[in-house]
Amino acid sequence: MRPISGKAWIFGNDVDTDVIIPAKFCATLDAKELGRHAMAGLDEGFAARVIPGDIIVAGDNFGCGSSRETAPLALQGAGIGAVVASSFARIFFRNAINVGLPIAEADGAAANSKEGNVFQIDLGAGVVTNVTTGLSYQATPFPPEIGEIIYAGGLVPYVRKRLAK
Amino acid sequence: MGMTLAEKILARASGNREVAPGQLVTCRVDKAMATDITAPLSIEVFRKMGAGRVFDPGACILVNDHFVPARDSVAADFSAAMRAFANAQKIKNYFEVGRSGICHALVAEKRLALPGELFVGADSHTCTIGALGAFATGVGSTDLAGVWALGEIWLKVPETVRVVLTGRLRRYVTAKDVVLHLVGLLGLAGARYKAVEFGGDLLAAMPVNERLTLCNMAAEMGAKTALVPPDNVTEAFFAEKGLAIERSPLPDEGARYSRTEALDASSLGPLVAEPFSPEKVKPVAALRNVKVDQVFIGSCTNGQIEDLRAAAEILRGRKVAGGLRLIVTPATQEVFIKAAAEGVLHDLAEAGAAVTAPSCGACLGGHGGVLGKNETALATTNRNFRGRMGDPTSKVYLSNPYVAAATAVAGTICHPEELE
Ligand code: SF4
């Protein structure tokens, strides 16, 4: 699995799915359309400032609240390359992998980083590094099969690929 | 290193010697279940995946339970889609109206899950099946489609909370009160993402139907699964149908639990959860005089023959209070047949109960007893969030079947002792 890198946007604890993608924008499953409103609950202009490949670095319980699958889709649609958080809400964690959004659980990364710091994530090894500060964090390593789900672009394309073999 | 029961089952299912909480593992699935309201979406995703055949037709279970007998034409179409899929895929464990029941009760009744199995179901109360010693967990429709296609699922190994139950239950106190107490104690997020493993002397005295109730409401503590290690009660339960099981796997001696709760249940009285949360638990006495419009006895929590017998015991020779409706929905067809043969249905109907066909029915406010504006119900179900059984202004209280039946007689929330 190749490492992912990008510039960080820092968020706090308990960023819920209503903030990630407010319900009023959820009438579509189109990632690009959803992406225009990513994080609109906290910052209307966020999506416009994201450069593809940027990484969200957040505190505890990222993605809590309703189980909408549109939350990871919206982040993906906005161009977010990965999410690093101290911890994720269970359903968000599951949905993120199933839609192919890379995520890493790394405690303390948000607290010790600044906006714009460059992050590198090695999902296979479970290592998250803030390249700017030189600090690195241990995350849960992804076994190759689960990494493949992410790299295939989610569970549906992954199964399609497996079945085609 | 010692493993909990959940860890042992996931270790086997993932082909690992050991697994630890937090680890991501890909597991072989033993059984996969869907219902009339979740199967249709899974079928759509299954097609999008380009899948042709399910991984093992013998491992798939499809149950008509939520909106049956069809409450409207959309529900009829949902069942039709599931029926067509079952036929095309040669899934013999497809349960048609009149031979069906609430999925979790049905799986236990038909012994469709075995101790040590990994059982996934597209329903949030799939953890009920852990009463048989399986790792049973609720998944979404996309995940279930993936399981149908590949026979595998990825899971994060959960931490385990151990709950040790001791003592003896007093008269009119059931597993429902034990689990209501635990939900009140731990809260809605108390076991979030965790496995709840039950143990202790009280468990040894608890028949399988009560264990199902116990595991059922682990969902209301946020649990991913709940488990009862297989013992002689489990063994006897399978033996009833001529099946021999092994009392394994069992948790290891040195297993590590993230938290242990001990409860001496001897001190418990019957409990009621107030609107709008199952964690708002109070003794019945604290809520007596709350006027009730409808009592509902049924659901995967308390729709078993034992629950209907308990209700009949209270209602026999008595009448449902004027101004109150009592709705009784047996969990499965087999429960219905037994209750009819034993005269239980007769006694309930004689008292003034409307007995319906087996279904989830009023539990999720779908049909068969939906609440109107500002109405109040007392139900033997598991959830009482706002609008759960109907109009958003309606209220639901949760209790065991004794309290439900006594309330139906009194017209207000009532401790069965008051009727003696
Ligand atoms: S009875 Fe109620 S809780 Fe149980 S499966 Fe049906 S709708 Fe869900």
# chains A, B, ... in the order shown; residues from 1 in each chain; ligands from 1
call {"tool": "residues_around", "arguments": {"residues": "stretch 148-150 of chain A", "least_positions_apart": "4", "cutoff": "9 Å", "atoms": "only C-alpha atoms", "output": "ChimeraX atom specification"}}
result
/A:1,96-102,143-144,154-159
call {"tool": "select_by_dssp", "arguments": {"residues": "stretch 333-413 of chain B", "states": "helix (DSSP H, G or I)", "output": "ChimeraX atom specification"}}
result
/B:333-341,344-351,361-364,401-410
call {"tool": "select_by_dssp", "arguments": {"residues": "stretch 88-158 of chain B", "states": "strand (DSSP E or B)", "output": "ChimeraX atom specification"}}
result
/B:94-95,101,118-121,135-138,152-156
call {"tool": "residues_around", "arguments": {"residues": "stretch 7-24 of chain A", "least_positions_apart": "3", "cutoff": "6 Å", "atoms": "only C-alpha atoms", "output": "PDB file with N, CA, C and O atoms, in the first residue's frame"}}
result
ATOM      1  N   ALA A  38     -19.068  20.031   1.937  1.00  0.00           N
ATOM      2  CA  ALA A  38     -18.361  19.318   2.998  1.00  0.00           C
ATOM      3  C   ALA A  38     -17.997  20.278   4.126  1.00  0.00           C
ATOM      4  O   ALA A  38     -17.533  21.397   3.874  1.00  0.00           O
ATOM      5  N   MET A  39     -18.233  19.864   5.334  1.00  0.00           N
ATOM      6  CA  MET A  39     -17.942  20.630   6.553  1.00  0.00           C
ATOM      7  C   MET A  39     -18.719  21.942   6.626  1.00  0.00           C
ATOM      8  O   MET A  39     -18.387  22.833   7.436  1.00  0.00           O
ATOM      9  N   GLY A  41     -21.317  22.639   7.992  1.00  0.00           N
ATOM     10  CA  GLY A  41     -21.884  22.877   9.313  1.00  0.00           C
ATOM     11  C   GLY A  41     -20.958  23.702  10.203  1.00  0.00           C
ATOM     12  O   GLY A  41     -21.382  24.314  11.171  1.00  0.00           O
ATOM     13  N   LEU A  42     -19.648  23.686   9.899  1.00  0.00           N
ATOM     14  CA  LEU A  42     -18.680  24.451  10.696  1.00  0.00           C
ATOM     15  C   LEU A  42     -18.146  25.640   9.919  1.00  0.00           C
ATOM     16  O   LEU A  42     -17.836  26.678  10.481  1.00  0.00           O
ATOM     17  N   ASP A  54      -5.669  17.032   0.342  1.00  0.00           N
ATOM     18  CA  ASP A  54      -5.556  17.543   1.712  1.00  0.00           C
ATOM     19  C   ASP A  54      -6.076  16.509   2.708  1.00  0.00           C
ATOM     20  O   ASP A  54      -6.914  15.672   2.372  1.00  0.00           O
ATOM     21  N   ILE A  55      -5.591  16.624   3.938  1.00  0.00           N
ATOM     22  CA  ILE A  55      -5.940  15.641   4.965  1.00  0.00           C
ATOM     23  C   ILE A  55      -6.618  16.338   6.140  1.00  0.00           C
ATOM     24  O   ILE A  55      -6.177  17.415   6.562  1.00  0.00           O
ATOM     25  N   ILE A  56      -7.696  15.742   6.629  1.00  0.00           N
ATOM     26  CA  ILE A  56      -8.338  16.267   7.827  1.00  0.00           C
ATOM     27  C   ILE A  56      -7.692  15.592   9.034  1.00  0.00           C
ATOM     28  O   ILE A  56      -7.525  14.363   9.055  1.00  0.00           O
ATOM     29  N   VAL A  57      -7.301  16.394  10.017  1.00  0.00           N
ATOM     30  CA  VAL A  57      -6.720  15.851  11.244  1.00  0.00           C
ATOM     31  C   VAL A  57      -7.595  16.325  12.400  1.00  0.00           C
ATOM     32  O   VAL A  57      -7.724  17.531  12.624  1.00  0.00           O
ATOM     33  N   ALA A  58      -8.236  15.389  13.096  1.00  0.00           N
ATOM     34  CA  ALA A  58      -9.238  15.766  14.090  1.00  0.00           C
ATOM     35  C   ALA A  58      -9.027  15.040  15.414  1.00  0.00           C
ATOM     36  O   ALA A  58      -8.181  14.146  15.518  1.00  0.00           O
ATOM     37  N   GLY A  59      -9.813  15.443  16.400  1.00  0.00           N
ATOM     38  CA  GLY A  59      -9.723  14.850  17.736  1.00  0.00           C
ATOM     39  C   GLY A  59     -10.536  13.575  17.865  1.00  0.00           C
ATOM     40  O   GLY A  59     -10.597  12.766  16.947  1.00  0.00           O
ATOM     41  N   ASP A  60     -11.210  13.453  19.012  1.00  0.00           N
ATOM     42  CA  ASP A  60     -11.949  12.219  19.303  1.00  0.00           C
ATOM     43  C   ASP A  60     -13.297  12.152  18.611  1.00  0.00           C
ATOM     44  O   ASP A  60     -13.915  13.179  18.356  1.00  0.00           O
ATOM     45  N   ASN A  61     -13.749  10.918  18.374  1.00  0.00           N
ATOM     46  CA  ASN A  61     -15.141  10.654  17.994  1.00  0.00           C
ATOM     47  C   ASN A  61     -15.562  11.334  16.695  1.00  0.00           C
ATOM     48  O   ASN A  61     -16.677  11.805  16.566  1.00  0.00           O
ATOM     49  N   PHE A  62     -14.653  11.356  15.730  1.00  0.00           N
ATOM     50  CA  PHE A  62     -14.966  11.987  14.444  1.00  0.00           C
ATOM     51  C   PHE A  62     -16.068  11.221  13.721  1.00  0.00           C
ATOM     52  O   PHE A  62     -16.015  10.004  13.616  1.00  0.00           O
ATOM     53  N   GLY A  63     -17.056  11.947  13.247  1.00  0.00           N
ATOM     54  CA  GLY A  63     -18.125  11.299  12.469  1.00  0.00           C
ATOM     55  C   GLY A  63     -19.250  10.755  13.317  1.00  0.00           C
ATOM     56  O   GLY A  63     -19.994   9.878  12.887  1.00  0.00           O
ATOM     57  N   CYS A  64     -19.403  11.267  14.548  1.00  0.00           N
ATOM     58  CA  CYS A  64     -20.481  10.789  15.402  1.00  0.00           C
ATOM     59  C   CYS A  64     -21.817  11.317  14.900  1.00  0.00           C
ATOM     60  O   CYS A  64     -21.858  12.114  13.963  1.00  0.00           O
ATOM     61  N   GLY A  65     -22.891  10.878  15.504  1.00  0.00           N
ATOM     62  CA  GLY A  65     -24.212  11.318  15.070  1.00  0.00           C
ATOM     63  C   GLY A  65     -24.847  10.327  14.116  1.00  0.00           C
ATOM     64  O   GLY A  65     -24.524   9.143  14.177  1.00  0.00           O
ATOM     65  N   ALA A  71     -21.620  11.116   4.638  1.00  0.00           N
ATOM     66  CA  ALA A  71     -20.573  11.903   5.304  1.00  0.00           C
ATOM     67  C   ALA A  71     -19.186  11.611   4.709  1.00  0.00           C
ATOM     68  O   ALA A  71     -18.513  12.532   4.233  1.00  0.00           O
ATOM     69  N   GLU A 115      -2.531  23.895  11.247  1.00  0.00           N
ATOM     70  CA  GLU A 115      -3.080  23.903   9.911  1.00  0.00           C
ATOM     71  C   GLU A 115      -1.947  24.065   8.894  1.00  0.00           C
ATOM     72  O   GLU A 115      -1.037  24.865   9.113  1.00  0.00           O
ATOM     73  N   GLY A 116      -1.980  23.265   7.841  1.00  0.00           N
ATOM     74  CA  GLY A 116      -0.964  23.395   6.803  1.00  0.00           C
ATOM     75  C   GLY A 116       0.233  22.482   7.007  1.00  0.00           C
ATOM     76  O   GLY A 116       1.047  22.321   6.094  1.00  0.00           O
ATOM     77  N   ASN A 117       0.373  21.861   8.185  1.00  0.00           N
ATOM     78  CA  ASN A 117       1.443  20.877   8.384  1.00  0.00           C
ATOM     79  C   ASN A 117       1.254  19.754   7.371  1.00  0.00           C
ATOM     80  O   ASN A 117       0.131  19.427   7.010  1.00  0.00           O
ATOM     81  N   VAL A 118       2.374  19.206   6.927  1.00  0.00           N
ATOM     82  CA  VAL A 118       2.271  18.127   5.937  1.00  0.00           C
ATOM     83  C   VAL A 118       2.263  16.774   6.647  1.00  0.00           C
ATOM     84  O   VAL A 118       3.091  16.514   7.519  1.00  0.00           O
TER      85      VAL A 118
END
call {"tool": "closest_atom_pairs", "arguments": {"of": "chain B", "to": "chain A", "cutoff": "10 Å", "atoms": "only C-alpha atoms", "output": "CSV"}}
result
residue,atom,partner,partner_atom,distance
B:Gly22,CA,A:Thr140,CA,7.2
B:Gln23,CA,A:Thr140,CA,6.9
B:Leu24,CA,A:Phe142,CA,6.6
B:Val25,CA,A:Pro143,CA,7.2
B:Thr26,CA,A:Glu145,CA,7.4
B:Val45,CA,A:Val156,CA,7.5
B:Phe46,CA,A:Val156,CA,8.3
B:Arg47,CA,A:Arg160,CA,9.7
B:Lys48,CA,A:Val156,CA,7.1
B:Met49,CA,A:Arg160,CA,4.8
B:Gly50,CA,A:Arg160,CA,5.7
B:Ala51,CA,A:Leu163,CA,7.0
B:Gly52,CA,A:Leu163,CA,9.2
B:Val139,CA,A:Arg94,CA,9.7
B:Gly140,CA,A:Asn95,CA,9.3
B:Thr142,CA,A:Leu155,CA,7.8
B:Asp143,CA,A:Leu155,CA,7.9
B:Ala145,CA,A:Val156,CA,8.8
B:Gly146,CA,A:Val159,CA,6.7
B:Val147,CA,A:Val159,CA,9.6
B:Ala149,CA,A:Val159,CA,7.3
B:Leu150,CA,A:Val159,CA,7.4
B:Ile153,CA,A:Ile146,CA,9.7
B:Trp154,CA,A:Ile146,CA,7.1
B:Leu155,CA,A:Arg94,CA,8.7
B:Lys156,CA,A:Arg94,CA,9.1
B:Arg192,CA,A:Arg90,CA,8.3
B:Tyr193,CA,A:Arg90,CA,6.5
B:Lys224,CA,A:Arg90,CA,9.6
call {"tool": "closest_atom_pairs", "arguments": {"of": "chain B", "to": "ligand 1", "cutoff": "6 Å", "atoms": "only C-alpha atoms and all ligand atoms", "output": "Markdown table"}}
result
| residue | atom | partner | partner_atom_place_in_ligand_line | distance |
| --- | --- | --- | --- | --- |
| B:His66 | CA | ligand 1 | 6 (Fe) | 5.7 |
| B:Ile102 | CA | ligand 1 | 6 (Fe) | 5.9 |
| B:Ser299 | CA | ligand 1 | 1 (S) | 3.7 |
| B:Cys300 | CA | ligand 1 | 4 (Fe) | 4.2 |
| B:Cys360 | CA | ligand 1 | 6 (Fe) | 4.0 |
| B:Cys363 | CA | ligand 1 | 2 (Fe) | 4.6 |
| B:Leu364 | CA | ligand 1 | 7 (S) | 4.9 |
call {"tool": "write_last_selection", "arguments": {"atoms": "N, CA, C and O atoms", "output": "PDB file, in the first residue's frame"}}
result
ATOM      1  N   HIS B  66     -40.961  -7.476   9.143  1.00  0.00           N
ATOM      2  CA  HIS B  66     -41.250  -6.106   9.568  1.00  0.00           C
ATOM      3  C   HIS B  66     -42.628  -5.585   9.144  1.00  0.00           C
ATOM      4  O   HIS B  66     -43.385  -5.103   9.973  1.00  0.00           O
ATOM      5  N   ILE B 102     -40.628 -12.973  13.715  1.00  0.00           N
ATOM      6  CA  ILE B 102     -39.593 -11.944  13.827  1.00  0.00           C
ATOM      7  C   ILE B 102     -38.229 -12.634  13.712  1.00  0.00           C
ATOM      8  O   ILE B 102     -37.963 -13.618  14.420  1.00  0.00           O
ATOM      9  N   SER B 299     -42.837  -8.348  19.937  1.00  0.00           N
ATOM     10  CA  SER B 299     -41.473  -7.968  19.518  1.00  0.00           C
ATOM     11  C   SER B 299     -40.435  -9.056  19.773  1.00  0.00           C
ATOM     12  O   SER B 299     -40.693 -10.039  20.466  1.00  0.00           O
ATOM     13  N   CYS B 300     -39.244  -8.800  19.218  1.00  0.00           N
ATOM     14  CA  CYS B 300     -38.131  -9.738  19.399  1.00  0.00           C
ATOM     15  C   CYS B 300     -37.635  -9.725  20.839  1.00  0.00           C
ATOM     16  O   CYS B 300     -36.853 -10.585  21.235  1.00  0.00           O
ATOM     17  N   CYS B 360     -43.259  -7.860  13.303  1.00  0.00           N
ATOM     18  CA  CYS B 360     -42.715  -6.813  14.168  1.00  0.00           C
ATOM     19  C   CYS B 360     -43.862  -5.890  14.577  1.00  0.00           C
ATOM     20  O   CYS B 360     -43.878  -5.347  15.666  1.00  0.00           O
ATOM     21  N   CYS B 363     -44.212  -2.607  17.036  1.00  0.00           N
ATOM     22  CA  CYS B 363     -42.903  -2.279  17.635  1.00  0.00           C
ATOM     23  C   CYS B 363     -42.247  -1.088  16.978  1.00  0.00           C
ATOM     24  O   CYS B 363     -41.708  -0.217  17.643  1.00  0.00           O
ATOM     25  N   LEU B 364     -42.246  -1.046  15.641  1.00  0.00           N
ATOM     26  CA  LEU B 364     -41.581   0.081  14.974  1.00  0.00           C
ATOM     27  C   LEU B 364     -42.588   1.041  14.354  1.00  0.00           C
ATOM     28  O   LEU B 364     -42.255   1.814  13.458  1.00  0.00           O
TER      29      LEU B 364
END
call {"tool": "atom_distance", "arguments": {"atom1": "atom CA of B:Leu227", "atom2": "atom CA of B:Ala136"}}
result
8.2 Å
call {"tool": "atom_distance", "arguments": {"atom1": "atom CA of B:Val54", "atom2": "atom CA of B:Asn16"}}
result
25.0 Å
call {"tool": "atom_distance", "arguments": {"atom1": "atom CA of B:Gly58", "atom2": "atom CA of B:Thr234"}}
result
22.8 Å
